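**Q** The structure file structure-v9.txt (compact mmCIF, C-alpha atoms) is provided below.
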# COMPACT_ATOMS: atom_id res chain seq x y z
CA MET S 1 -55.21 -26.42 19.32
CA SER S 2 -53.49 -28.90 17.02
CA VAL S 3 -49.94 -28.49 15.95
CA LEU S 4 -48.95 -29.43 12.44
CA PRO S 5 -46.25 -32.07 12.18
CA GLY S 6 -42.79 -30.58 12.03
CA MET S 7 -43.95 -27.16 13.25
CA SER S 8 -42.30 -27.49 16.66
CA ALA S 9 -38.98 -28.56 15.16
CA ALA S 10 -39.09 -25.71 12.67
CA ALA S 11 -39.85 -23.21 15.42
CA ASP S 12 -36.96 -24.45 17.54
CA ARG S 13 -34.51 -24.44 14.67
CA PRO S 14 -32.22 -21.38 14.78
CA ALA S 15 -32.63 -18.94 11.95
CA ALA S 16 -30.10 -19.24 9.20
CA ALA S 17 -27.35 -16.68 9.32
CA PRO S 18 -27.66 -14.06 6.60
CA ALA S 19 -25.31 -14.53 3.70
CA PRO S 20 -22.43 -12.07 3.67
CA ASP S 21 -23.01 -9.26 1.23
CA ALA S 22 -20.88 -8.65 -1.82
CA GLU S 23 -18.64 -6.10 -0.13
CA LEU S 24 -17.84 -8.39 2.81
CA ALA S 25 -17.10 -11.17 0.35
CA TYR S 26 -14.88 -8.79 -1.61
CA HIS S 27 -12.80 -7.70 1.38
CA GLY S 28 -12.95 -10.94 3.33
CA SER S 29 -12.80 -9.25 6.72
CA ARG S 30 -13.00 -5.86 8.38
CA LEU S 31 -9.22 -5.74 8.82
CA VAL S 32 -8.77 -6.04 5.08
CA ALA S 33 -11.25 -3.21 4.53
CA TYR S 34 -9.44 -1.08 7.11
CA ARG S 35 -6.23 -1.35 5.06
CA ASP S 36 -7.83 0.86 2.39
CA ASP S 37 -5.95 -0.81 -0.45
CA GLY S 38 -6.26 0.56 -3.95
CA PRO S 39 -6.13 -1.14 -7.36
CA ILE S 40 -2.33 -1.43 -7.48
CA ALA S 41 -2.09 -3.17 -4.11
CA HIS S 42 -4.88 -5.55 -5.10
CA VAL S 43 -3.02 -6.54 -8.26
CA LEU S 44 0.06 -7.41 -6.18
CA GLY S 45 -2.14 -9.25 -3.69
CA ARG S 46 -3.66 -11.42 -6.40
CA LEU S 47 -0.20 -12.49 -7.45
CA THR S 48 0.42 -14.05 -4.03
CA LYS S 49 -3.12 -15.54 -3.84
CA GLY S 50 -3.44 -14.51 -0.20
CA GLN S 51 -0.53 -16.68 0.94
CA LEU S 52 1.78 -13.90 2.18
CA PRO S 53 1.29 -12.93 5.85
CA PRO S 54 0.89 -9.14 5.95
CA LEU S 55 2.42 -8.08 9.26
CA LEU S 56 6.16 -8.80 8.96
CA PRO S 57 6.70 -7.17 5.53
CA LEU S 58 4.70 -4.14 6.67
CA LEU S 59 6.80 -3.82 9.83
CA VAL S 60 9.95 -3.80 7.70
CA ALA S 61 8.41 -1.17 5.42
CA GLY S 62 7.40 0.93 8.41
CA ILE S 63 10.86 0.82 10.00
CA VAL S 64 12.64 1.71 6.76
CA THR S 65 10.15 4.50 6.03
CA ALA S 66 10.59 5.92 9.54
CA ILE S 67 14.37 5.95 9.09
CA LEU S 68 14.08 7.68 5.72
CA LEU S 69 11.65 10.26 7.08
CA GLY S 70 13.87 10.82 10.10
CA VAL S 71 16.73 11.73 7.80
CA GLY S 72 14.45 14.27 6.16
CA VAL S 73 12.91 14.90 2.75
CA SER S 74 13.91 18.51 2.29
CA GLY S 75 15.58 17.80 -1.04
CA GLN S 76 13.65 16.59 -4.06
CA THR S 77 16.21 13.85 -4.65
CA SER S 78 15.99 12.55 -1.08
CA PRO S 79 15.50 8.74 -0.93
CA ALA S 80 12.52 9.30 1.40
CA ILE S 81 10.47 10.51 -1.54
CA PHE S 82 10.63 7.01 -3.00
CA ALA S 83 9.45 5.31 0.21
CA PRO S 84 5.95 4.64 -1.23
CA VAL S 85 7.46 2.31 -3.83
CA LEU S 86 9.17 0.31 -1.08
CA VAL S 87 6.02 0.20 1.05
CA LEU S 88 3.94 -0.90 -1.92
CA LEU S 89 6.30 -3.72 -2.85
CA LEU S 90 6.39 -5.00 0.73
CA ALA S 91 2.79 -4.38 1.87
CA GLY S 92 0.88 -4.72 -1.40
CA PRO S 93 1.29 -8.50 -1.81
CA GLY S 94 -0.39 -9.04 1.57
CA SER S 95 -3.59 -7.23 0.55
CA THR S 96 -5.49 -10.46 -0.22
CA HIS S 97 -4.45 -12.29 2.94
CA PRO S 98 -7.42 -12.89 5.31
CA HIS S 99 -5.52 -11.18 8.16
CA SER S 100 -6.42 -13.99 10.51
CA GLY S 101 -3.18 -13.99 12.47
CA ARG S 102 -3.15 -13.20 16.16
CA LEU S 103 -1.36 -9.87 15.64
CA ASP S 104 -2.73 -8.96 12.22
CA TRP S 105 -4.96 -6.36 13.84
CA LEU S 106 -1.80 -4.23 13.95
CA VAL S 107 -1.69 -3.96 10.16
CA PRO S 108 -4.26 -1.15 9.65
CA PRO S 109 -2.86 1.21 12.33
CA ILE S 110 0.69 0.69 11.03
CA MET S 111 -0.48 1.48 7.52
CA ARG S 112 -2.22 4.64 8.74
CA ALA S 113 0.92 5.71 10.61
CA ILE S 114 3.00 5.24 7.45
CA GLU S 115 0.49 7.07 5.26
CA TYR S 116 -0.18 10.01 7.58
CA GLY S 117 3.44 10.30 8.65
CA TYR S 118 4.72 10.28 5.09
CA LEU S 119 2.20 12.85 3.83
CA ALA S 120 2.72 15.13 6.81
CA THR S 121 6.51 14.99 6.60
CA LEU S 122 6.44 15.52 2.86
CA GLY S 123 4.09 18.48 3.15
CA PHE S 124 5.83 20.24 6.03
CA SER S 125 9.29 19.81 4.52
CA HIS S 126 8.26 21.19 1.13
CA ASP S 127 6.63 24.42 2.28
CA VAL S 128 3.03 23.28 1.90
CA SER S 129 0.61 25.37 3.93
CA LYS S 130 0.10 23.71 7.31
CA PRO S 131 -3.70 24.22 7.24
CA LEU S 132 -3.76 22.48 3.85
CA VAL S 133 -1.76 19.53 5.17
CA TYR S 134 -4.01 19.23 8.24
CA ALA S 135 -7.15 19.51 6.10
CA PHE S 136 -5.91 16.83 3.72
CA LEU S 137 -5.08 14.45 6.55
CA GLY S 138 -8.41 15.25 8.19
CA VAL S 139 -10.31 14.18 5.07
CA LEU S 140 -8.42 10.89 5.00
CA ALA S 141 -8.97 10.36 8.72
CA TYR S 142 -12.72 10.89 8.24
CA HIS S 143 -12.78 8.29 5.48
CA HIS S 144 -10.94 5.75 7.61
CA TYR S 145 -13.09 6.44 10.68
CA ASP S 146 -16.24 6.14 8.58
CA THR S 147 -15.05 2.80 7.20
CA VAL S 148 -14.42 1.43 10.69
CA TYR S 149 -17.69 2.66 12.14
CA ARG S 150 -19.97 1.60 9.31
CA THR S 151 -18.50 -1.90 8.97
CA ARG S 152 -19.17 -2.43 12.65
CA GLN S 153 -22.79 -1.65 11.90
CA ARG S 154 -22.76 -4.16 9.03
CA LEU S 155 -22.69 -1.39 6.43
CA TRP S 156 -19.83 -2.05 4.06
CA PRO S 157 -18.57 0.77 1.86
CA ALA S 158 -18.98 -0.05 -1.82
CA ARG S 159 -15.84 -1.37 -3.44
CA TRP S 160 -15.89 1.47 -5.99
CA VAL S 161 -15.23 3.91 -3.13
CA PHE S 162 -11.87 2.26 -2.45
CA VAL S 163 -11.03 2.30 -6.15
CA ALA S 164 -12.06 5.94 -6.59
CA GLY S 165 -10.17 6.82 -3.41
CA LEU S 166 -7.00 5.48 -5.08
CA GLY S 167 -6.00 3.50 -1.99
CA TRP S 168 -3.16 4.37 0.36
CA GLU S 169 -0.62 3.39 -2.27
CA GLY S 170 -2.14 5.59 -4.96
CA ARG S 171 -2.21 8.62 -2.68
CA LEU S 172 1.40 8.14 -1.59
CA LEU S 173 2.67 7.59 -5.12
CA ILE S 174 0.86 10.68 -6.41
CA ALA S 175 2.24 12.77 -3.54
CA ALA S 176 5.77 11.55 -4.30
CA ALA S 177 5.41 12.30 -8.01
CA ALA S 178 3.98 15.74 -7.26
CA THR S 179 6.93 16.48 -4.99
CA LEU S 180 9.40 15.53 -7.69
CA ALA S 181 7.52 17.79 -10.11
CA GLY S 182 7.44 20.66 -7.61
CA LYS S 183 3.61 20.68 -7.59
CA LEU S 184 2.86 19.19 -4.18
CA PRO S 185 0.77 22.11 -2.79
CA ILE S 186 -1.45 22.23 -5.88
CA VAL S 187 -1.88 18.45 -5.99
CA LEU S 188 -2.75 18.21 -2.30
CA ALA S 189 -5.31 21.00 -2.69
CA VAL S 190 -6.97 19.35 -5.70
CA LEU S 191 -6.93 15.88 -4.15
CA GLY S 192 -8.21 17.28 -0.85
CA VAL S 193 -11.29 18.76 -2.51
CA TYR S 194 -11.83 15.60 -4.57
CA PHE S 195 -11.59 13.27 -1.57
CA ALA S 196 -13.77 15.54 0.58
CA LEU S 197 -16.54 15.41 -2.03
CA LEU S 198 -16.10 11.69 -2.72
CA PHE S 199 -15.93 10.42 0.85
CA GLY S 200 -18.26 13.02 2.35
CA ILE S 201 -21.11 12.73 -0.14
CA GLU S 202 -20.91 8.94 -0.35
CA SER S 203 -20.88 8.61 3.43
CA VAL S 204 -23.80 10.95 4.02
CA TYR S 205 -25.82 9.34 1.22
CA THR S 206 -25.23 5.85 2.62
CA TRP S 207 -26.23 6.74 6.17
CA VAL S 208 -29.32 8.63 5.05
CA ARG S 209 -30.39 5.94 2.58
CA THR S 210 -30.02 3.13 5.13
CA GLY S 211 -31.59 5.04 8.02
CA THR S 212 -28.44 4.86 10.16
CA GLY S 213 -27.86 1.19 9.54
CA LYS S 214 -31.57 0.23 9.54
CA GLY S 215 -31.43 0.09 13.31
CA VAL S 216 -28.73 -2.59 13.33
CA MET S 217 -26.60 -2.14 16.41
CA VAL S 218 -23.58 -4.32 17.05
CA ASN S 219 -22.03 -5.20 20.39
CA LEU S 220 -18.49 -4.02 19.75
CA GLU S 221 -17.18 -5.98 22.74
CA ASP S 222 -18.53 -9.28 21.47
CA GLU S 223 -18.24 -9.08 17.70
CA GLU S 224 -16.47 -11.65 15.64
CA GLU S 225 -15.31 -11.62 12.07
CA ALA S 226 -17.64 -13.38 9.69
CA GLY S 227 -16.44 -16.86 9.06
CA SER S 228 -13.94 -16.91 11.91
Could I get this file's structure written as structure tokens?

**A**
Amino acid sequence: MSVLPGMSAAADRPAAAPAPDAELAYHGSRLVAYRDDGPIAHVLGRLTKGQLPPLLPLLVAGIVTAILLGVGVSGQTSPAIFAPVLVLLLAGPGSTHPHSGRLDWLVPPIMRAIEYGYLATLGFSHDVSKPLVYAFLGVLAYHHYDTVYRTRQRLWPARWVFVAGLGWEGRLLIAAAATLAGKLPIVLAVLGVYFALLFGIESVYTWVRTGTGKGVMVNLEDEEEAGS
């Protein structure tokens, strides 16, 4: 059987790597997606053009927020209520950084600790029903878990989901404003239902539509960021 010229070389040539999809190109890396930044943080990030390392400013924000929360937020004029503004100013400019530093993997868990800790402390100290606080945090935790799991299966959440979800900064700022207005329980209830519908329906639709990732399984012990 004859072999056409060039056939052997073509057969031995490794297949070209698939081009990253629009969502991967938008976020740049999984760590950036895990941050769950909203529109405000992205605006601040564009100002720095990705040149500001994210970890150190976030550590400062986390320490200051922890001190403020430790003092307590029982009064509506407590400085802890304004912690989201501080966190946004420090962490927002790093939203467009590629998070390629050796310790930048710490950024998403620190951000989740700040977000969950702030919302929980705010809710418990302002007489919000504990089941409501737990339910609200549970909805957010599901969204963040879903983001981590699906990106590891090469299924990136659409960018509109992060915009519609308001980002960590939007949620914290709304919670702070609601506290100042004395409407925190109502706002958490409304946002909880909204986020449950948004994240739940979008997640289920994506997994059903793609057939659980079209059978794409990723070795989580040997995965590398695209482009690294």

**Q** Set out as CSV a contact list for region 70-179 of chain S and region 190-204 of chain S with a cut-off of 10 Å, giving each residue of region 70-179 of chain S that qualifies its closest atom pair and distance in Å to one decimal, counting only C-alpha atoms, ordered by chain and rising residue number.

**A**
residue,atom,partner,partner_atom,distance
S:Leu132,CA,S:Gly192,CA,8.3
S:Val133,CA,S:Gly192,CA,9.1
S:Ala135,CA,S:Gly192,CA,7.4
S:Phe136,CA,S:Gly192,CA,5.1
S:Leu137,CA,S:Gly192,CA,8.5
S:Gly138,CA,S:Gly192,CA,9.3
S:Val139,CA,S:Ala196,CA,5.8
S:Leu140,CA,S:Phe195,CA,7.7
S:Tyr142,CA,S:Phe199,CA,8.1
S:His143,CA,S:Phe199,CA,6.0
S:His144,CA,S:Phe199,CA,9.6
S:Asp146,CA,S:Ser203,CA,7.4
S:Thr147,CA,S:Ser203,CA,9.1
S:Arg150,CA,S:Ser203,CA,9.2
S:Pro157,CA,S:Ser203,CA,8.3
S:Ala158,CA,S:Glu202,CA,9.3
S:Val161,CA,S:Phe199,CA,7.7
S:Phe162,CA,S:Phe199,CA,9.7
S:Ala164,CA,S:Leu198,CA,8.0
S:Gly165,CA,S:Phe195,CA,6.9
S:Leu166,CA,S:Phe195,CA,9.7
S:Arg171,CA,S:Leu191,CA,8.8
S:Ile174,CA,S:Leu191,CA,9.6
S:Ala175,CA,S:Leu191,CA,9.7

**Q** Given only C-alpha atoms as the basis, pick out the residue of S:Arg112, S:Arg102, S:Arg46, S:His97 nearest to Val32 (chain S).

**A**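 Among the listed residues, S:His97 lies closest to Val32 (chain S).
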
**Q** Quick one: pull the distance between CA of Tyr149 (chain S) and CA of Leu58 (chain S), Å, one decimal.

**A**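 These atoms are spaced 24.0 Å apart.
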
**Q** Report the distance between CA of Pro79 (chain S) and CA of Gly94 (chain S) in Å, rounded to one decimal place.

**A** 24.0 Å

**Q** Work out how far apart CA of Ala176 (chain S) and CA of Leu52 (chain S) are and give it in Å to one decimal.

**A**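 Here the two named atoms are 26.6 Å from each other.
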
**Q** Using all atoms listed in the file, can you tell me which of S:Phe82, S:Tyr205, S:Trp156, S:Trp168 comes closest to Asp36 (chain S)?

**A** S:Trp168

**Q** Quick one: residues within 12 Å of Ser129 (chain S), all atoms listed in the file, excluding same-chain residues fewer than 2 positions away - as an MDAnalysis selection string?

**A** chainID S and resid 120 122:127 131:136 184:186 188:189

**Q** Find the residues around Gln51 (chain S) up to 12 Å (all atoms listed in the file counted), leave out those fewer than 5 positions away in its own chain, and share them as a PyMOL selection string.

**A** chain S and resi 44-46+93-100

**Q** Need to verify the contact set: Ile67 (chain S), 12 Å, all atoms listed in the file, exclusion of same-chain residues closer than 2 positions in sequence. Can you return it as a PyMOL selection string?

**A** chain S and resi 60-65+69-73+79-80+83+114+117-118

**Q** For the point (1.7, -2.0, 4.4) in file coordinates, what residues are within 7 Å, counting all atoms listed in the file? Give the answer as a ChimeraX atom specification?

**A** /S:58,61,87-88,90-92,107,111

**Q** For Tyr116 (chain S), which residue among S:Arg159, S:Trp207, S:Leu172, S:Thr48 is the nearest when counting only C-alpha atoms?

**A**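 Smallest distance to Tyr116 (chain S) is found for S:Leu172.
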